[in-house]
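Scroll down for the structure; my scribbles are underneath it.
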Amino acid sequence: MSAIDAAREPRRRRRTQAASVLYDVPGPRARIRNNILTLVSLLVFAIIAYFVVRRMDAAGQWDAKLWEPFTRHDVWVNVILPGLWGTLAVSAVAAVGAMIFGVVFGLGRLSDHRLFRWVSGAVVEFFRAIPVLLLIFFIQAGPATINIAFGRIPVPIPAFVAVAVGLILYNGSVLAEVFRAGINAVPRGQSEAAYSLGLRKGGVMRLILLPQAVTAMMPAIVSQLVILLKDSALGWIISYPDLLNAAFRQVGANFGNPLPAAIVVAAMYIVINLALSYLANWLERRNRRSRRTSARTVAAPLQPGDPAAPI
């Protein structure tokens with residue numbers, strides 16, 4: 001074996017080990033079958049795309065006048081970019097809040113005190129079971145409705161606060177389960193060895209468990225943050241000026257081009273989510289190079305109502 005092959009061997013071994021975590025490495029027949037299925041899927045997708053494009057052309061959706069607003073500077077500066085900023089701002093605030101919420105209640109579910117475990121579990125399961133749309137609506141309309149019912153002056157809740165808090169409560173509850181599963185994924189021998197050296201539980205958690213669990217939790221955390229960013233579009237129910245409200249509803253209504261507006265908005269969401277996923281993958285690779293961990297990768301927890309979720 002040459003020096004170059006010897007240098008490449010560890011890299012091949014890591015790729016093989018990473019693939020075997022998710023599924024068995026396919027053999028020759030399986031690879032041929034997968035290639036055939038991939039080719040058939042691409043062909044079916046191309047046929048569907050062809051008919052969609054033809055139908056849009058027949059309906060005049062490719063006319064230049066419908067796409068012309070997206071080439072205008074004033075439309076981008078006054079409508080689309082402020083909506084994009086609204087989406088990014090509320091998503092960033094909600095992401096930070098959800099991470100803090102998830103850490104607090106995830107560690108609460110691992111507490112040695114039964115009362116803390118019970119309260120944390122009740123909070124997490126309660127907010128995981130409520131749809132985000134209802135949370136956002138209740139946060140804004142609930143206090144005003146209660147004040148009116150009791151004869152007091154209603155206090156309006158800003159749309160930004162309602163959307164951010166709704167996203168924090170739901171996604172933070174899901175992330176709490178991610179943090180709990182990530183810490184439990186670290187082999188018990190790690191904590192037992194730390195206790196034998198005289199560390200207390202706080203030191204074991206901070207110095208031993210969390211550094212290893214972060215790498216295992218990263219894919220699930222990123223998956224949930226992508227869901228959080230997409231769920232920010234639910235702010236339309238309370239007229240929050242986000243990307244969907246600005247680029248789709250306002251531009252589509254003012255220029256009579258809802259379908260082109262929907263395509264542009266979808267493309268922008270795809271670019272943002274791909275950038276977030278790329279950043280997360282880079283952080284995960286960097287963490288794995290900088291520290292070794294024996295924790296298994298944590299999958300995103302099943303959402304209530306998923307077909308595979310336990311009843």
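In the structure tokens, each chain is lettered A, B, ... as it comes, each chain's residues begin at 1, and ligands are numbered from 1 in order of appearance.
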
With the cut-off set at 6 Å and counting only C-alpha atoms, tabulate each residue of range 213-273 of chain A with an atom at most that distance from an atom of range 85-100 of chain A, showing the nearest atom pair and its distance in Å to one decimal, ordered by chain and increasing number, as JSON lines.
{"residue": "A:Leu229", "atom": "CA", "partner": "A:Ser91", "partner_atom": "CA", "distance": 5.5}
{"residue": "A:Asp242", "atom": "CA", "partner": "A:Gly86", "partner_atom": "CA", "distance": 4.7}
{"residue": "A:Leu243", "atom": "CA", "partner": "A:Thr87", "partner_atom": "CA", "distance": 5.9}

What are the nearest atom pairs, with distances in Å to one decimal, for all residues of range 197-299 of chain A that come at most 10 Å from range 41-63 of chain A, using only C-alpha atoms, set out by chain and rising residue number as JSON lines?
{"residue": "A:Asn257", "atom": "CA", "partner": "A:Gln61", "partner_atom": "CA", "distance": 7.9}
{"residue": "A:Pro258", "atom": "CA", "partner": "A:Gln61", "partner_atom": "CA", "distance": 9.5}
{"residue": "A:Leu259", "atom": "CA", "partner": "A:Gln61", "partner_atom": "CA", "distance": 7.4}
{"residue": "A:Pro260", "atom": "CA", "partner": "A:Gln61", "partner_atom": "CA", "distance": 7.2}
